[in-house]
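Student: Structure incoming, see below.
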Amino acid sequence: MYIKTLYKNGEPLELTLDELEVFSTCPCCGAEVPQPDFWENVKNDPDFDPCTTQAYCDRCSSLSVAERHILTKCRSVKSEAEYIGEQLLCGEMTCDQVCQYLRELGEALSVAV
């Protein structure tokens with residue numbers, strides 16, 4: 001979860017905590033999700049843990065648990081594939097190594113589903 005710094009005329013605004021807007025990122029698709037009840041949850045629920053709480057966007061929250069799991073895994077594989085591509089571009093991996101890692105990613109995805 002995070003907040004956005006607000007500025008007026010180039011100067012940061014001083015706000016009380018309960019005036020701050022809190023956002024999180026949907027674990028499935030990465031969309032920004034506003035958390036309008038965040039401060040109420042912190043105040044009223046002693047077990048509320050903002051570090052482990054996941055908030056899904058409207059689109060992903062309508063999916064089944066299995067569909068959300070697959071989307072989350074796809075996002076993870078996409079991120080890993082982009083990292084591997086960067087390693088190839090920087091000369092940190094050879095084409096053979098990249099192919100091997102991509103095969104392993106594909107195998108991991110088929111096992112997870």
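Convention: chains lettered A, B, ... in structure tokens order; per-chain residue numbering from 1; ligands numbered from 1 as shown.
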Please tabulate, as JSON lines, the residues of region 44-111 of chain A that come within 10 Å of region 23-40 of chain A, each with its closest pair of atoms and the distance in Å to one decimal, counting only C-alpha atoms and ordering rows by chain, then residue number upward.
Tutor:
```
{"residue": "A:Asn44", "atom": "CA", "partner": "A:Glu40", "partner_atom": "CA", "distance": 5.9}
{"residue": "A:Asp45", "atom": "CA", "partner": "A:Glu40", "partner_atom": "CA", "distance": 8.1}
{"residue": "A:Phe48", "atom": "CA", "partner": "A:Phe38", "partner_atom": "CA", "distance": 9.5}
{"residue": "A:Pro50", "atom": "CA", "partner": "A:Phe38", "partner_atom": "CA", "distance": 8.5}
{"residue": "A:Thr53", "atom": "CA", "partner": "A:Ser24", "partner_atom": "CA", "distance": 9.4}
{"residue": "A:Gln54", "atom": "CA", "partner": "A:Pro27", "partner_atom": "CA", "distance": 6.9}
{"residue": "A:Ala55", "atom": "CA", "partner": "A:Cys26", "partner_atom": "CA", "distance": 5.8}
{"residue": "A:Tyr56", "atom": "CA", "partner": "A:Cys26", "partner_atom": "CA", "distance": 4.7}
{"residue": "A:Cys57", "atom": "CA", "partner": "A:Cys26", "partner_atom": "CA", "distance": 5.7}
{"residue": "A:Asp58", "atom": "CA", "partner": "A:Val33", "partner_atom": "CA", "distance": 8.6}
{"residue": "A:Arg59", "atom": "CA", "partner": "A:Cys29", "partner_atom": "CA", "distance": 9.2}
{"residue": "A:Cys60", "atom": "CA", "partner": "A:Cys28", "partner_atom": "CA", "distance": 6.8}
{"residue": "A:Ser61", "atom": "CA", "partner": "A:Cys26", "partner_atom": "CA", "distance": 9.3}
{"residue": "A:Glu67", "atom": "CA", "partner": "A:Cys28", "partner_atom": "CA", "distance": 9.3}
{"residue": "A:Arg68", "atom": "CA", "partner": "A:Cys28", "partner_atom": "CA", "distance": 6.1}
{"residue": "A:His69", "atom": "CA", "partner": "A:Cys28", "partner_atom": "CA", "distance": 7.6}
{"residue": "A:Ile70", "atom": "CA", "partner": "A:Cys28", "partner_atom": "CA", "distance": 8.4}
{"residue": "A:Leu71", "atom": "CA", "partner": "A:Cys28", "partner_atom": "CA", "distance": 5.3}
{"residue": "A:Thr72", "atom": "CA", "partner": "A:Cys28", "partner_atom": "CA", "distance": 4.4}
{"residue": "A:Lys73", "atom": "CA", "partner": "A:Cys28", "partner_atom": "CA", "distance": 8.1}
{"residue": "A:Cys74", "atom": "CA", "partner": "A:Cys28", "partner_atom": "CA", "distance": 8.4}
{"residue": "A:Arg75", "atom": "CA", "partner": "A:Cys28", "partner_atom": "CA", "distance": 6.9}
{"residue": "A:Ser76", "atom": "CA", "partner": "A:Cys28", "partner_atom": "CA", "distance": 9.2}
```
Student: Considering only C-alpha atoms, return as number ranges by chain whatever protein or nucleic-acid residues lie within 12 Å of Tyr83 (chain A), sequence-local ones (same chain, fewer than 6 positions apart) excluded.
Tutor: A: 76-77, 89-90, 92-93, 98, 101-102
Student: Can you list, as a PyMOL selection string, every protein, DNA or RNA residue that comes within 9 Å of Lys4 (chain A) when you count only C-alpha atoms, leaving out same-chain residues fewer than 6 positions away?
Tutor: chain A and resi 20-23
Student: Please produce a file of those selected residues containing N, CA, C and O atoms, as a PDB file, in the first residue's frame.
Tutor:
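Wrote selection.pdb, looks like this:
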```
ATOM      1  N   LEU A  20      -5.028  11.514   4.120  1.00  0.00           N
ATOM      2  CA  LEU A  20      -4.250  10.936   3.022  1.00  0.00           C
ATOM      3  C   LEU A  20      -5.043   9.853   2.308  1.00  0.00           C
ATOM      4  O   LEU A  20      -5.704   9.034   2.939  1.00  0.00           O
ATOM      5  N   GLU A  21      -4.947   9.846   0.989  1.00  0.00           N
ATOM      6  CA  GLU A  21      -5.555   8.778   0.211  1.00  0.00           C
ATOM      7  C   GLU A  21      -4.551   7.633   0.102  1.00  0.00           C
ATOM      8  O   GLU A  21      -3.384   7.855  -0.203  1.00  0.00           O
ATOM      9  N   VAL A  22      -5.019   6.420   0.337  1.00  0.00           N
ATOM     10  CA  VAL A  22      -4.152   5.242   0.305  1.00  0.00           C
ATOM     11  C   VAL A  22      -4.525   4.400  -0.909  1.00  0.00           C
ATOM     12  O   VAL A  22      -5.700   4.244  -1.229  1.00  0.00           O
ATOM     13  N   PHE A  23      -3.510   3.864  -1.561  1.00  0.00           N
ATOM     14  CA  PHE A  23      -3.706   3.036  -2.748  1.00  0.00           C
ATOM     15  C   PHE A  23      -2.933   1.734  -2.588  1.00  0.00           C
ATOM     16  O   PHE A  23      -1.970   1.660  -1.831  1.00  0.00           O
TER      17      PHE A  23
END
```
Student: Quick check for you: according to DSSP on this backbone, which residues of chain A are classed as helix (DSSP H, G or I)? Reply as a PyMOL selection string.
Tutor: chain A and resi 17-19+38-44+58-61+65-89+95-112
Student: How far is it from CA of Leu17 (chain A) to CA of Asp47 (chain A), in Å with one decimal?
Tutor: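 Value for the CA of Leu17 (chain A)-CA of Asp47 (chain A) distance: 19.3 Å.
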Student: Would you work out the distance separating CA of Leu15 (chain A) from CA of Asn41 (chain A), expressed in Å to one decimal?
Tutor: 19.0 Å
